[in-house]
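Enquirer: Structure file work.cif, mmCIF, C-alpha atoms and all ligand atoms, is pasted below:
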```cif
data_run
#
loop_
_atom_site.label_atom_id
_atom_site.label_comp_id
_atom_site.auth_asym_id
_atom_site.auth_seq_id
_atom_site.Cartn_x
_atom_site.Cartn_y
_atom_site.Cartn_z
CA MET W 1 -133.85 26.19 134.51
CA ALA W 2 -131.24 25.47 137.11
CA THR W 3 -128.40 27.49 135.69
CA SER W 4 -129.93 30.59 134.17
CA ASN W 5 -128.97 33.92 135.66
CA GLY W 6 -131.57 35.75 133.54
CA SER W 7 -134.49 36.54 135.78
CA GLY W 8 -137.03 36.23 132.99
CA VAL W 9 -138.74 39.25 134.50
CA ALA W 10 -139.57 42.06 132.12
CA GLN W 11 -137.89 45.31 132.96
CA GLY W 12 -139.30 48.65 132.06
CA GLU W 13 -142.92 47.94 132.95
CA GLU W 14 -145.16 50.66 134.35
CA GLY W 15 -143.02 53.48 133.01
CA LYS W 16 -139.92 52.58 135.03
CA THR W 17 -136.56 51.94 133.33
CA PRO W 18 -136.94 51.40 129.57
CA PRO W 19 -136.50 47.77 128.47
CA PRO W 20 -132.95 46.89 127.39
CA ALA W 21 -132.31 47.49 123.68
CA GLY W 22 -132.78 44.25 121.77
CA SER W 23 -135.01 42.68 124.42
CA ILE W 24 -138.51 41.45 123.58
CA GLY W 25 -140.52 43.97 125.59
CA GLY W 26 -138.00 43.56 128.39
CA TYR W 27 -137.62 39.77 128.10
CA GLU W 28 -134.37 38.03 127.23
CA SER W 29 -135.97 35.60 124.80
CA LEU W 30 -139.28 34.27 123.53
CA HIS W 31 -138.93 31.29 125.88
CA ARG W 32 -138.58 33.54 128.92
CA LEU W 33 -141.45 35.73 127.79
CA LEU W 34 -143.67 32.65 127.61
CA GLU W 35 -142.39 31.27 130.92
CA ALA W 36 -143.21 34.52 132.70
CA ASN W 37 -146.66 34.98 131.17
CA LEU W 38 -148.20 31.51 130.80
CA SER W 39 -149.48 29.26 133.56
CA PRO W 40 -147.07 26.36 134.26
CA ASP W 41 -149.36 23.90 132.42
CA LEU W 42 -149.68 26.08 129.35
CA PHE W 43 -145.97 26.85 129.39
CA GLN W 44 -145.20 23.13 129.41
CA GLU W 45 -147.48 22.59 126.41
CA ALA W 46 -146.03 25.57 124.55
CA SER W 47 -142.50 24.31 125.27
CA ARG W 48 -143.37 20.83 124.02
CA LEU W 49 -144.56 22.29 120.73
CA LEU W 50 -141.72 24.77 120.36
CA LEU W 51 -138.80 22.67 121.59
CA GLY W 52 -139.97 19.10 120.93
CA LEU W 53 -139.22 16.13 123.16
CA ASN W 54 -135.98 14.23 123.67
CA CYS W 55 -136.43 10.51 124.38
CA ALA W 56 -140.13 11.30 124.89
CA ARG W 57 -139.36 13.78 127.67
CA PRO W 58 -138.91 17.55 127.86
CA LEU W 59 -135.25 18.49 127.55
CA GLU W 60 -133.54 18.38 130.93
CA ALA W 61 -131.78 21.46 132.34
CA ILE W 62 -128.54 20.61 134.15
CA SER W 63 -126.71 22.45 136.89
CA LEU W 64 -123.16 23.70 136.54
CA PRO W 65 -120.36 24.15 139.06
CA ASP W 66 -120.31 27.24 141.29
CA ALA W 67 -117.17 28.48 139.54
CA THR W 68 -119.18 28.77 136.33
CA THR W 69 -122.28 30.40 137.78
CA THR W 70 -120.11 32.87 139.71
CA LEU W 71 -118.35 33.92 136.49
CA ALA W 72 -121.75 34.42 134.83
CA GLU W 73 -122.94 36.59 137.68
CA THR W 74 -119.72 38.60 137.94
CA HIS W 75 -119.53 39.26 134.20
CA SER W 76 -123.29 39.45 133.68
CA PHE W 77 -123.63 36.93 130.89
CA ASP W 78 -126.53 34.62 130.19
CA LEU W 79 -125.80 31.02 131.15
CA GLN W 80 -127.97 28.02 130.33
CA ALA W 81 -127.28 24.30 130.30
CA PHE W 82 -129.17 21.22 129.09
CA ARG W 83 -128.83 17.51 128.37
CA PHE W 84 -129.79 15.64 125.18
CA SER W 85 -130.09 11.94 126.01
CA ALA W 86 -130.15 8.87 123.75
CA ASP W 87 -131.59 5.43 124.33
CA LYS W 88 -129.33 2.94 126.09
CA GLU W 89 -127.75 0.47 123.67
CA PHE W 90 -126.63 -3.11 124.39
CA LEU W 91 -123.52 -3.12 122.21
CA ARG W 92 -122.25 0.47 122.46
CA GLN W 93 -121.35 2.64 125.41
CA SER W 94 -123.02 6.06 125.60
CA ARG W 95 -120.91 8.75 123.93
CA VAL W 96 -121.70 11.84 125.94
CA VAL W 97 -119.82 15.03 125.08
CA ARG W 98 -120.25 18.43 126.64
CA VAL W 99 -120.48 21.21 124.06
CA GLY W 100 -120.47 25.00 124.55
CA LEU W 101 -121.43 27.99 122.39
CA ILE W 102 -120.39 31.56 123.15
CA GLN W 103 -122.14 34.69 121.89
CA ASN W 104 -120.92 38.22 122.56
CA SER W 105 -121.13 41.86 121.60
CA ILE W 106 -118.07 43.90 120.72
CA ALA W 107 -116.35 45.46 123.71
CA VAL W 108 -115.47 49.06 122.79
CA PRO W 109 -116.68 51.46 120.08
CA THR W 110 -115.64 50.85 116.48
CA THR W 111 -113.83 54.20 116.54
CA CYS W 112 -111.18 52.88 118.96
CA HIS W 113 -107.73 51.83 117.80
CA PHE W 114 -108.00 48.44 116.08
CA ALA W 115 -105.51 46.85 118.47
CA ASP W 116 -107.60 48.04 121.43
CA GLN W 117 -110.81 46.71 119.87
CA LYS W 118 -109.32 43.26 119.37
CA LYS W 119 -107.74 43.15 122.83
CA ALA W 120 -110.99 44.28 124.46
CA ILE W 121 -112.95 41.48 122.76
CA MET W 122 -110.36 38.92 123.85
CA ASP W 123 -110.51 40.22 127.43
CA LYS W 124 -114.29 40.10 127.29
CA ILE W 125 -114.65 36.52 126.12
CA LYS W 126 -111.91 35.11 128.35
CA PRO W 127 -114.28 34.73 131.36
CA LEU W 128 -116.83 33.01 129.13
CA ILE W 129 -114.20 30.51 127.97
CA ASP W 130 -113.07 30.10 131.58
CA ALA W 131 -116.69 29.39 132.52
CA ALA W 132 -116.88 26.74 129.80
CA GLY W 133 -113.57 25.29 130.99
CA ALA W 134 -114.73 25.23 134.62
CA SER W 135 -117.79 23.25 133.49
CA GLY W 136 -115.70 20.63 131.69
CA VAL W 137 -116.85 21.62 128.21
CA ASN W 138 -115.20 19.31 125.65
CA ILE W 139 -115.90 21.24 122.44
CA MET W 140 -116.57 24.95 122.25
CA CYS W 141 -117.39 27.24 119.34
CA LEU W 142 -117.18 31.03 119.08
CA GLN W 143 -119.18 33.32 116.78
CA GLU W 144 -118.30 34.28 113.20
CA ALA W 145 -115.38 36.75 112.89
CA TRP W 146 -115.28 36.96 116.67
CA THR W 147 -112.11 39.09 116.86
CA MET W 148 -113.70 42.15 115.25
CA PRO W 149 -116.84 44.19 114.65
CA PHE W 150 -118.83 42.84 111.70
CA ALA W 151 -117.62 45.74 109.55
CA PHE W 152 -118.34 44.17 106.16
CA CYS W 153 -121.43 46.37 105.80
CA THR W 154 -119.16 49.40 105.35
CA ARG W 155 -117.23 48.19 102.27
CA GLU W 156 -114.25 50.08 103.70
CA LYS W 157 -111.06 48.14 103.13
CA ARG W 158 -109.35 49.35 106.27
CA TRP W 159 -111.19 46.65 108.27
CA CYS W 160 -109.04 44.08 106.43
CA GLU W 161 -106.41 44.90 109.03
CA PHE W 162 -108.26 42.60 111.40
CA ALA W 163 -107.34 39.59 109.22
CA GLU W 164 -104.82 37.21 110.78
CA PRO W 165 -102.88 34.15 109.63
CA VAL W 166 -104.32 30.84 110.80
CA ASP W 167 -101.59 30.62 113.45
CA GLY W 168 -101.93 34.31 114.43
CA GLU W 169 -102.68 36.14 117.64
CA SER W 170 -106.21 34.90 118.26
CA THR W 171 -105.27 31.28 117.53
CA GLN W 172 -102.33 31.49 119.94
CA PHE W 173 -104.62 32.97 122.60
CA LEU W 174 -107.07 30.08 122.18
CA GLN W 175 -104.41 27.37 121.85
CA GLU W 176 -103.35 28.08 125.42
CA LEU W 177 -106.93 27.86 126.66
CA ALA W 178 -107.60 24.70 124.64
CA GLN W 179 -104.65 23.05 126.32
CA LYS W 180 -105.50 24.39 129.77
CA TYR W 181 -109.07 23.09 129.61
CA ASN W 182 -108.43 20.01 127.43
CA MET W 183 -111.03 21.51 125.11
CA VAL W 184 -111.49 21.53 121.32
CA ILE W 185 -112.10 25.15 120.27
CA VAL W 186 -113.61 26.27 116.96
CA SER W 187 -112.43 29.80 116.21
CA PRO W 188 -114.05 31.62 113.27
CA ILE W 189 -111.81 34.51 112.17
CA LEU W 190 -111.01 36.74 109.22
CA GLU W 191 -108.02 34.88 107.77
CA ARG W 192 -105.03 36.37 105.97
CA ASP W 193 -103.57 33.63 103.74
CA ILE W 194 -99.91 34.64 103.71
CA ASN W 195 -98.78 31.86 101.36
CA HIS W 196 -101.30 32.81 98.69
CA GLY W 197 -100.66 36.48 98.05
CA GLU W 198 -102.07 37.58 101.43
CA THR W 199 -105.63 36.86 100.28
CA ILE W 200 -108.46 37.07 102.78
CA TRP W 201 -110.93 34.36 103.74
CA ASN W 202 -113.71 33.89 106.26
CA THR W 203 -112.31 30.89 108.10
CA ALA W 204 -112.94 28.62 111.05
CA VAL W 205 -109.75 27.38 112.73
CA VAL W 206 -110.25 24.09 114.57
CA ILE W 207 -107.94 23.80 117.57
CA GLY W 208 -107.51 20.39 119.17
CA ASN W 209 -107.67 19.72 122.91
CA ASN W 210 -103.87 19.50 122.97
CA GLY W 211 -103.62 23.06 121.67
CA ASN W 212 -102.71 21.92 118.14
CA ILE W 213 -104.32 23.28 114.97
CA ILE W 214 -106.27 20.35 113.49
CA GLY W 215 -107.31 22.22 110.35
CA ILE W 216 -109.39 24.98 108.84
CA HIS W 217 -112.62 25.43 106.95
CA ARG W 218 -113.35 28.46 104.76
CA LYS W 219 -116.88 29.80 104.38
CA ASN W 220 -118.45 28.33 101.26
CA HIS W 221 -121.35 30.67 100.58
CA ILE W 222 -120.79 34.44 100.67
CA PRO W 223 -123.91 36.58 101.17
CA ARG W 224 -125.13 39.11 98.67
CA VAL W 225 -128.08 40.36 100.67
CA GLY W 226 -128.85 43.62 102.49
CA ASP W 227 -125.81 45.19 104.14
CA PHE W 228 -123.88 41.90 104.09
CA ASN W 229 -121.29 43.17 101.62
CA GLU W 230 -118.87 40.37 102.45
CA SER W 231 -118.05 39.70 98.79
CA THR W 232 -116.14 43.02 98.85
CA TYR W 233 -113.67 41.34 101.22
CA TYR W 234 -113.31 37.65 100.44
CA MET W 235 -114.22 34.92 97.99
CA GLU W 236 -116.12 31.65 98.31
CA GLY W 237 -114.07 29.13 100.30
CA ASN W 238 -111.89 26.44 98.72
CA THR W 239 -111.78 23.86 101.50
CA GLY W 240 -114.84 21.77 100.63
CA HIS W 241 -116.75 20.27 103.55
CA PRO W 242 -114.14 18.91 105.94
CA VAL W 243 -115.17 16.97 109.00
CA PHE W 244 -112.63 17.09 111.82
CA GLU W 245 -112.27 13.93 113.86
CA THR W 246 -111.49 15.26 117.32
CA ALA W 247 -110.92 13.51 120.63
CA TYR W 248 -114.62 14.04 121.38
CA GLY W 249 -116.44 13.47 118.11
CA LYS W 250 -116.62 14.36 114.44
CA ILE W 251 -117.38 18.02 113.85
CA GLY W 252 -118.01 20.31 110.88
CA VAL W 253 -118.45 24.09 110.59
CA ASN W 254 -121.10 25.61 108.33
CA ILE W 255 -120.31 29.32 108.51
CA CYS W 256 -123.31 31.68 108.71
CA TYR W 257 -124.95 32.21 105.30
CA GLY W 258 -124.15 28.58 104.46
CA ARG W 259 -127.14 27.70 106.62
CA HIS W 260 -129.49 28.77 103.82
CA HIS W 261 -127.99 26.08 101.58
CA PRO W 262 -129.34 22.59 102.31
CA LEU W 263 -126.64 20.95 100.18
CA ASN W 264 -123.96 22.60 102.33
CA TRP W 265 -125.49 20.99 105.42
CA LEU W 266 -125.84 17.70 103.55
CA ALA W 267 -122.18 17.64 102.53
CA PHE W 268 -121.00 17.81 106.15
CA GLY W 269 -123.40 14.99 106.92
CA LEU W 270 -122.13 12.86 104.03
CA ASN W 271 -118.61 13.32 105.38
CA GLY W 272 -119.77 11.90 108.70
CA ALA W 273 -120.27 14.93 110.96
CA GLU W 274 -121.93 14.28 114.31
CA ILE W 275 -122.04 17.95 115.32
CA VAL W 276 -122.09 20.89 112.90
CA PHE W 277 -121.51 24.39 114.22
CA ASN W 278 -123.09 27.40 112.53
CA PRO W 279 -121.14 30.46 113.74
CA SER W 280 -123.07 33.48 112.47
CA ALA W 281 -123.54 37.21 112.38
CA THR W 282 -127.07 38.11 111.40
CA VAL W 283 -129.62 40.78 112.18
CA GLY W 284 -133.25 40.71 113.25
CA GLU W 285 -134.97 42.39 110.35
CA LEU W 286 -133.29 40.16 107.83
CA SER W 287 -133.29 36.65 109.22
CA GLU W 288 -134.89 36.18 112.62
CA PRO W 289 -137.91 34.18 111.40
CA MET W 290 -135.52 31.79 109.62
CA TRP W 291 -133.13 31.39 112.56
CA PRO W 292 -134.95 28.74 114.65
CA ILE W 293 -136.01 26.79 111.56
CA GLU W 294 -132.99 26.28 109.32
CA ALA W 295 -130.55 24.80 111.83
CA ARG W 296 -133.21 22.62 113.34
CA ASN W 297 -134.23 21.36 109.95
CA ALA W 298 -130.59 20.60 109.12
CA ALA W 299 -130.20 18.61 112.34
CA ILE W 300 -133.30 16.59 111.48
CA ALA W 301 -132.51 16.05 107.79
CA ASN W 302 -128.89 15.05 108.43
CA SER W 303 -129.19 13.16 111.73
CA TYR W 304 -126.58 15.28 113.53
CA PHE W 305 -126.50 17.93 116.26
CA VAL W 306 -126.26 21.60 115.31
CA GLY W 307 -124.87 24.41 117.45
CA SER W 308 -126.05 27.84 116.22
CA ILE W 309 -124.27 30.98 117.39
CA ASN W 310 -125.09 34.61 116.63
CA ARG W 311 -123.42 37.75 117.94
CA VAL W 312 -125.33 40.32 120.03
CA GLY W 313 -125.75 44.07 120.03
CA THR W 314 -125.84 46.95 117.59
CA GLU W 315 -122.48 47.92 116.09
CA VAL W 316 -122.23 51.54 114.98
CA PHE W 317 -119.54 52.48 112.44
CA PRO W 318 -117.75 55.80 112.00
CA ASN W 319 -118.97 56.48 108.43
CA PRO W 320 -122.52 55.98 107.19
CA PHE W 321 -123.20 53.65 104.25
CA THR W 322 -126.11 52.80 101.99
CA SER W 323 -127.63 49.45 101.09
CA GLY W 324 -128.72 50.04 97.50
CA ASP W 325 -132.35 49.70 98.54
CA GLY W 326 -133.38 53.36 98.36
CA LYS W 327 -133.42 53.69 102.15
CA PRO W 328 -131.47 56.52 103.83
CA GLN W 329 -127.82 56.05 104.67
CA HIS W 330 -127.13 54.62 108.11
CA ALA W 331 -124.14 53.78 110.28
CA ASP W 332 -125.18 50.49 111.84
CA PHE W 333 -126.05 47.01 110.65
CA GLY W 334 -129.15 46.65 112.80
CA HIS W 335 -129.43 44.50 115.92
CA PHE W 336 -127.54 41.21 116.09
CA TYR W 337 -130.06 39.14 118.01
CA GLY W 338 -127.93 36.47 119.73
CA SER W 339 -130.34 33.58 120.36
CA SER W 340 -127.67 30.90 120.20
CA HIS W 341 -128.99 27.39 120.76
CA PHE W 342 -128.61 23.68 120.01
CA SER W 343 -130.74 21.47 117.77
CA ALA W 344 -130.77 17.68 117.88
CA PRO W 345 -131.38 14.99 115.24
CA ASP W 346 -134.59 13.93 116.99
CA ALA W 347 -136.14 17.39 116.31
CA SER W 348 -135.74 18.60 119.88
CA CYS W 349 -133.88 21.81 120.60
CA THR W 350 -132.83 23.97 123.52
CA PRO W 351 -134.29 27.37 124.36
CA SER W 352 -132.16 30.22 123.01
CA LEU W 353 -129.71 32.42 124.82
CA SER W 354 -130.53 36.08 125.39
CA ARG W 355 -131.42 38.28 122.46
CA TYR W 356 -129.20 41.09 123.77
CA ARG W 357 -126.67 39.86 126.36
CA ASP W 358 -123.43 37.92 126.03
CA GLY W 359 -123.96 34.28 126.80
CA LEU W 360 -122.70 30.74 127.17
CA ILE W 361 -124.97 27.80 126.41
CA ILE W 362 -123.75 24.33 127.31
CA SER W 363 -125.27 21.02 126.40
CA ASP W 364 -124.40 17.44 127.10
CA MET W 365 -125.24 15.33 124.09
CA ASP W 366 -125.09 11.58 123.66
CA LEU W 367 -123.76 11.22 120.12
CA ASN W 368 -125.33 7.76 119.91
CA LEU W 369 -128.54 9.64 119.15
CA CYS W 370 -127.28 10.36 115.60
CA ARG W 371 -127.20 6.69 114.59
CA GLN W 372 -130.36 5.87 116.52
CA ILE W 373 -132.22 8.48 114.51
CA LYS W 374 -130.65 7.26 111.25
CA ASP W 375 -131.92 3.77 112.07
CA LYS W 376 -135.37 5.06 113.01
CA TRP W 377 -136.08 7.43 110.13
CA ALA W 378 -133.76 5.93 107.47
CA PHE W 379 -133.27 9.29 105.75
CA ARG W 380 -129.87 8.20 104.43
CA MET W 381 -131.24 4.97 102.99
CA THR W 382 -134.26 6.64 101.39
CA ALA W 383 -132.38 9.68 100.08
CA ARG W 384 -132.18 8.65 96.38
CA TYR W 385 -128.86 10.46 95.98
CA GLU W 386 -128.34 8.98 92.49
CA MET W 387 -131.49 10.76 91.24
CA TYR W 388 -130.28 14.13 92.51
CA ALA W 389 -126.69 13.57 91.36
CA SER W 390 -127.97 13.04 87.84
CA LEU W 391 -130.27 16.09 87.97
CA LEU W 392 -127.44 18.27 89.26
CA SER W 393 -125.01 17.10 86.61
CA GLU W 394 -127.61 17.87 83.92
CA TYR W 395 -128.39 21.24 85.50
CA LEU W 396 -124.75 22.29 85.28
CA LYS W 397 -124.71 21.85 81.51
CA PRO W 398 -125.23 25.05 79.43
CA ASP W 399 -127.98 23.34 77.40
CA PHE W 400 -129.96 22.20 80.46
CA LYS W 401 -133.73 22.28 79.99
CA PRO W 402 -135.92 22.21 83.15
CA GLN W 403 -138.16 19.14 83.32
CA VAL W 404 -141.52 20.86 82.91
CA ILE W 405 -144.57 19.14 81.49
CA VAL W 406 -146.96 21.73 80.11
CA ASP W 407 -150.67 21.11 80.27
CA PRO W 408 -151.64 20.99 76.58
CA LEU W 409 -154.97 22.57 77.54
CA ILE W 410 -153.39 25.39 79.54
CA ASN W 411 -154.87 28.09 77.26
CA LYS W 412 -158.27 26.50 76.78
CA LYS W 413 -161.04 28.72 78.14
CA ALA W 414 -163.44 27.03 80.57
N1 LIG P 1 -122.61 36.61 108.11
C1 LIG P 1 -123.44 36.28 107.14
O1 LIG P 1 -123.14 35.50 106.27
N2 LIG P 1 -124.67 36.86 107.22
C2 LIG P 1 -125.61 36.80 106.15
C3 LIG P 1 -126.99 37.02 106.60
C4 LIG P 1 -127.68 35.78 107.02
O2 LIG P 1 -127.35 34.71 106.52
O3 LIG P 1 -128.57 35.85 107.85
#
```
Could I get this file's structure written as C-alpha cells?
Expert:
Amino acid sequence: MATSNGSGVAQGEEGKTPPPAGSIGGYESLHRLLEANLSPDLFQEASRLLLGLNCARPLEAISLPDATTTLAETHSFDLQAFRFSADKEFLRQSRVVRVGLIQNSIAVPTTCHFADQKKAIMDKIKPLIDAAGASGVNIMCLQEAWTMPFAFCTREKRWCEFAEPVDGESTQFLQELAQKYNMVIVSPILERDINHGETIWNTAVVIGNNGNIIGIHRKNHIPRVGDFNESTYYMEGNTGHPVFETAYGKIGVNICYGRHHPLNWLAFGLNGAEIVFNPSATVGELSEPMWPIEARNAAIANSYFVGSINRVGTEVFPNPFTSGDGKPQHADFGHFYGSSHFSAPDASCTPSLSRYRDGLIISDMDLNLCRQIKDKWAFRMTARYEMYASLLSEYLKPDFKPQVIVDPLINKKA
C-alpha cells in the first residue's frame, strides 16, 4: 500500500505498551492483521476472497502527493488510496472521479463548552480536508453528525443546541473549503429547520464545488435499537431520495441506519445515483458483522459505488443512561469502529481505514463501471419491479393477507 502511514505492526506484544483501545490486538484493521501474519501468497489469496477483483485484477493502491502524506504524518491520521478501473469503451471517454471519505473522533471531552467542542472538531478535521484538497479530491463526504459527539444515546435535550440551519456555521466553514479545492463536499449535520418551527432533522448538506449549497437530504430511517435513541430528537426525513447532479457525477446520501433498508438503497439507484455515501455512527457490538456486507451488497445490487464512513473512538457523556435492556447504566455508547471504505458495483471493495484512528480514504473511480455492470448483469432489466410494486401496494392495505399456501397435510402424523 503506497500511501498508508499505518505500520500494520501490532503494538503491545510481549507485555510492552498495551494495544491501542479499539485496535484488533494492536492492529489497525483486519486487512493489516492479515497482511502482517500471512505469507505474501496466502495474503494475496485472502485479499482476493475478501476484497474481490476489479477488472480481473487486485485493486490498485495509488500514491498521493507529498503534501498529503506529510499532513497525515503530522496529524497522525490513517491515509489510504486506491483506484477502481473500468473497461475501455469505444464510444465514451473514461469518467474518472477522485472521491474521499473522512472519519474522525471527537476532539475534546463532552463536558467542555459546546462552542469549544464544535470548534475543536472543525480544527481537527481541517487538515484532513486540506489533505483531500491537496490530492485533488473531487467529491468528499464527512461522517454523520460530524460537528458534535453522537449524544443521542443520552436522551438529554440539551444536545439539540448543536443543531444548525442548513446555511449555518459548519456549512459556511465547508463552503470556503469547497471553493478553495474545487471540491463537492457532503456535510451530514444536525439541522435546525428555522422556517418550520425550528424543528430538528438529521441532514446531509450537499455543497457544490463552487461553494454553493446544491441541496439537502434528510435521514429517512431513524433507529430504534440499543442506545440509538435518535427518535427522541428528530423525525423520519421528508426529502425522499434525491440524487444531486454535481460537476463530477450523480450522488446520493443514505444516512446511517438507512443502510439496513434495501429499498432505501434501491430508491437512490432508481433516481440515477452513481455514488451513494453512507455517513454513519455505529458501534462494534451492535453492527460490526453487518458493516462490510450491507454497503457492498447495495453497490452490487444497484450498480453504483458506495462510500461508507463511520466515526471512531469511545465518547463518554457526563450523565449515565440506561438502554432498557436490563444491563447496568453506563456513560458511553461503546466503541465507534471507523473502518470507512469504498465498495464498487463489480463486487470489489477497498480495505478499511483504521478501527481507532482518524482517517482519510481516497479512491479514483471510473464511473463508466456502473453502466458496464448494468449491461453485464442486467439487474435493472430483470428486476420485475411491477411484481413488487403490486405486492407493496397490497401490503399497505389494512386488509392485506400474506400470500401463504398451507400444506393441507401439515398436521398429519407420519
Ligand atoms: N446512526 C445510526 O443510525 N445508527 C444506528 C445503528 C446502526 O445502524 O448501526
Enquirer: List the spatial neighbours of W:Thr282 as a list in words - criterion: any atom at most 7 Å away, only C-alpha atoms, same-chain residues fewer than 5 positions off excluded.
Expert: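 Skipping anything fewer than 5 positions along the chain leaves Ser287, Asn310 and Phe336 of chain W.
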Enquirer: Determine the nearest neighbour of W:Ser323 from the options W:Ser393, W:Gln403, W:Ser280, W:Thr154, counting all atoms listed in the file.
Expert: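 Going through W:Ser393, W:Gln403, W:Ser280, W:Thr154 one by one, the smallest distance to W:Ser323 is for W:Thr154.
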Enquirer: How close does chain W get to ligand LIG 1 (chain P)? List, as CSV, each residue of chain W within 9 Å, its nearest atom pair and the distance in Å to one decimal, counting only C-alpha atoms and all ligand atoms.
Expert:
```
residue,atom,partner,partner_atom,distance
W:Glu144,CA,P:LIG1,N1,7.1
W:Ala145,CA,P:LIG1,N1,8.7
W:Phe150,CA,P:LIG1,N1,8.1
W:Phe152,CA,P:LIG1,N1,8.9
W:Lys219,CA,P:LIG1,O1,8.7
W:His221,CA,P:LIG1,O1,7.7
W:Ile222,CA,P:LIG1,O1,6.2
W:Pro223,CA,P:LIG1,C2,5.3
W:Arg224,CA,P:LIG1,C2,7.8
W:Val225,CA,P:LIG1,C3,6.9
W:Gly226,CA,P:LIG1,C3,8.0
W:Asp227,CA,P:LIG1,C3,8.6
W:Phe228,CA,P:LIG1,C2,5.8
W:Asn229,CA,P:LIG1,C2,8.9
W:Glu230,CA,P:LIG1,O1,7.5
W:Ile255,CA,P:LIG1,O1,7.2
W:Cys256,CA,P:LIG1,O1,4.5
W:Tyr257,CA,P:LIG1,O2,3.7
W:Gly258,CA,P:LIG1,O2,7.2
W:Arg259,CA,P:LIG1,O2,7.0
W:His260,CA,P:LIG1,O2,6.9
W:Pro279,CA,P:LIG1,N1,8.5
W:Ser280,CA,P:LIG1,N1,5.4
W:Ala281,CA,P:LIG1,N1,4.4
W:Thr282,CA,P:LIG1,O3,4.5
W:Val283,CA,P:LIG1,O3,6.6
W:Gly284,CA,P:LIG1,O3,8.6
W:Leu286,CA,P:LIG1,O3,6.4
W:Ser287,CA,P:LIG1,O3,5.0
W:Glu288,CA,P:LIG1,O3,7.9
W:Met290,CA,P:LIG1,O3,8.2
W:Trp291,CA,P:LIG1,O3,7.9
```
Enquirer: Between atom CA of W:Gly240 and atom CA of W:Met387, what is the spacing in Å?
Expert: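 Between these atoms lies a distance of 22.1 Å.
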Enquirer: Would you tabulate, counting all atoms listed in the file, all residues of stretch 229-263 of chain W that have an atom at most 10 Å from an atom of stretch 366-373 of chain W, showing the closest pair of atoms and their distance in Å to one decimal, sorted by chain then ascending number, as CSV?
Expert:
```
residue,atom,partner,partner_atom,distance
W:Tyr248,CA,W:Leu367,CA,9.6
W:Gly249,CA,W:Leu367,CA,7.9
W:Lys250,CA,W:Leu367,CA,9.6
```
Enquirer: Quick check, in Å to one decimal: how far apart do atom CA of W:Ala163 and atom CA of W:Ile189 lie?
Expert: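 These atoms are spaced 7.4 Å apart.
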Enquirer: Mind pulling up the distance from atom CA of W:Thr147 to atom CA of W:Ala120?
Expert: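 Going from atom CA of W:Ala120 over to atom CA of W:Thr147, I get 9.3 Å.
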Enquirer: So, counting all atoms listed in the file, which residue among W:Ser231, W:Asn278, W:Gln172, W:Thr110 is closest to W:Asn319?
Expert: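 Of all the options, W:Thr110 lies closest to W:Asn319.
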Enquirer: May I ask which of the residues W:Ile102, W:Ala299, W:Met122, W:Val253 is the closest one to W:Lys374, counting only C-alpha atoms?
Expert: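 Using only C-alpha atoms, W:Lys374 sits closest to W:Ala299.
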Enquirer: Please tabulate, as JSON lines, the residues of stretch 331-375 of chain W that come within 7 Å of stretch 78-81 of chain W, each with its closest pair of atoms and the distance in Å to one decimal, counting all atoms listed in the file and ordering rows by chain, then residue number upward.
Expert:
```
{"residue": "W:Leu353", "atom": "CA", "partner": "W:Asp78", "partner_atom": "CA", "distance": 6.6}
{"residue": "W:Ser354", "atom": "CA", "partner": "W:Asp78", "partner_atom": "CA", "distance": 6.4}
{"residue": "W:Arg357", "atom": "CA", "partner": "W:Asp78", "partner_atom": "CA", "distance": 6.5}
{"residue": "W:Asp358", "atom": "CA", "partner": "W:Asp78", "partner_atom": "CA", "distance": 6.1}
{"residue": "W:Gly359", "atom": "CA", "partner": "W:Asp78", "partner_atom": "CA", "distance": 4.3}
{"residue": "W:Leu360", "atom": "CA", "partner": "W:Leu79", "partner_atom": "CA", "distance": 5.1}
{"residue": "W:Ile361", "atom": "CA", "partner": "W:Gln80", "partner_atom": "CA", "distance": 4.9}
{"residue": "W:Ile362", "atom": "CA", "partner": "W:Ala81", "partner_atom": "CA", "distance": 4.6}
{"residue": "W:Ser363", "atom": "CA", "partner": "W:Ala81", "partner_atom": "CA", "distance": 5.5}
```
Enquirer: Find, counting only C-alpha atoms, the residue in W:Ile106, W:Ile251, W:Leu49, W:Ala414 that gets nearest to W:Phe277.
Expert: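 Answer, going by the shortest atom-to-atom distance: W:Ile251.
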Enquirer: Which is closer to W:Arg155 than all the others in W:Pro320, W:Gly133, W:Gly252, W:Gly211, using all atoms listed in the file?
Expert: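 Checking each candidate against W:Arg155, we get W:Pro320 as the closest.
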Enquirer: Please provide the set of residues having any atom within 9 Å of W:Asn138, restricted to all atoms listed in the file, with same-chain residues fewer than 6 positions apart removed, written as a list in words.
Expert: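 The residues that qualify are Val97, Arg98, Val99, Gly100, Ala132, Tyr181, Asn182, Met183, Val184, Ile185, Asn209, Ala247 and Tyr248 of chain W.
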Enquirer: Show me, as a list in words, the residues that have an atom within 8 Å of W:Cys55 when counting only C-alpha atoms, minus same-chain residues fewer than 5 positions from it.
Expert: Ser85, Ala86 and Asp87 of chain W
Enquirer: Measuring atom to atom with all atoms listed in the file, identify which of W:His241, W:Lys376, W:His335, W:Lys401 is nearest to W:Ser303.
Expert: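 Counting all atoms listed in the file, the residue closest to W:Ser303 is W:Lys376.
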Enquirer: I'd like the contact shell of stretch 72-75 of chain W - 8 Å cut-off, all atoms listed in the file, skipping same-chain residues fewer than 2 positions apart - returned as a PyMOL selection string.
Expert: chain W and resi 5+68-70+77-79+127-128+131
Enquirer: Which residues, written as a CSV table (one decimal) with C-alpha atoms, in the frame of the given file, have at least one atom at most 8 Å from stretch 304-308 of chain W, with only C-alpha atoms counted and residues fewer than 3 positions away on the same chain left out?
Expert:
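Result file is around.csv:
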```csv
chain,number,residue,atom,x,y,z
W,101,LEU,CA,-121.4,28.0,122.4
W,269,GLY,CA,-123.4,15.0,106.9
W,273,ALA,CA,-120.3,14.9,111.0
W,274,GLU,CA,-121.9,14.3,114.3
W,275,ILE,CA,-122.0,18.0,115.3
W,276,VAL,CA,-122.1,20.9,112.9
W,277,PHE,CA,-121.5,24.4,114.2
W,278,ASN,CA,-123.1,27.4,112.5
W,279,PRO,CA,-121.1,30.5,113.7
W,280,SER,CA,-123.1,33.5,112.5
W,295,ALA,CA,-130.6,24.8,111.8
W,296,ARG,CA,-133.2,22.6,113.3
W,298,ALA,CA,-130.6,20.6,109.1
W,299,ALA,CA,-130.2,18.6,112.3
W,300,ILE,CA,-133.3,16.6,111.5
W,340,SER,CA,-127.7,30.9,120.2
W,341,HIS,CA,-129.0,27.4,120.8
W,342,PHE,CA,-128.6,23.7,120.0
W,343,SER,CA,-130.7,21.5,117.8
W,344,ALA,CA,-130.8,17.7,117.9
W,345,PRO,CA,-131.4,15.0,115.2
W,370,CYS,CA,-127.3,10.4,115.6
```
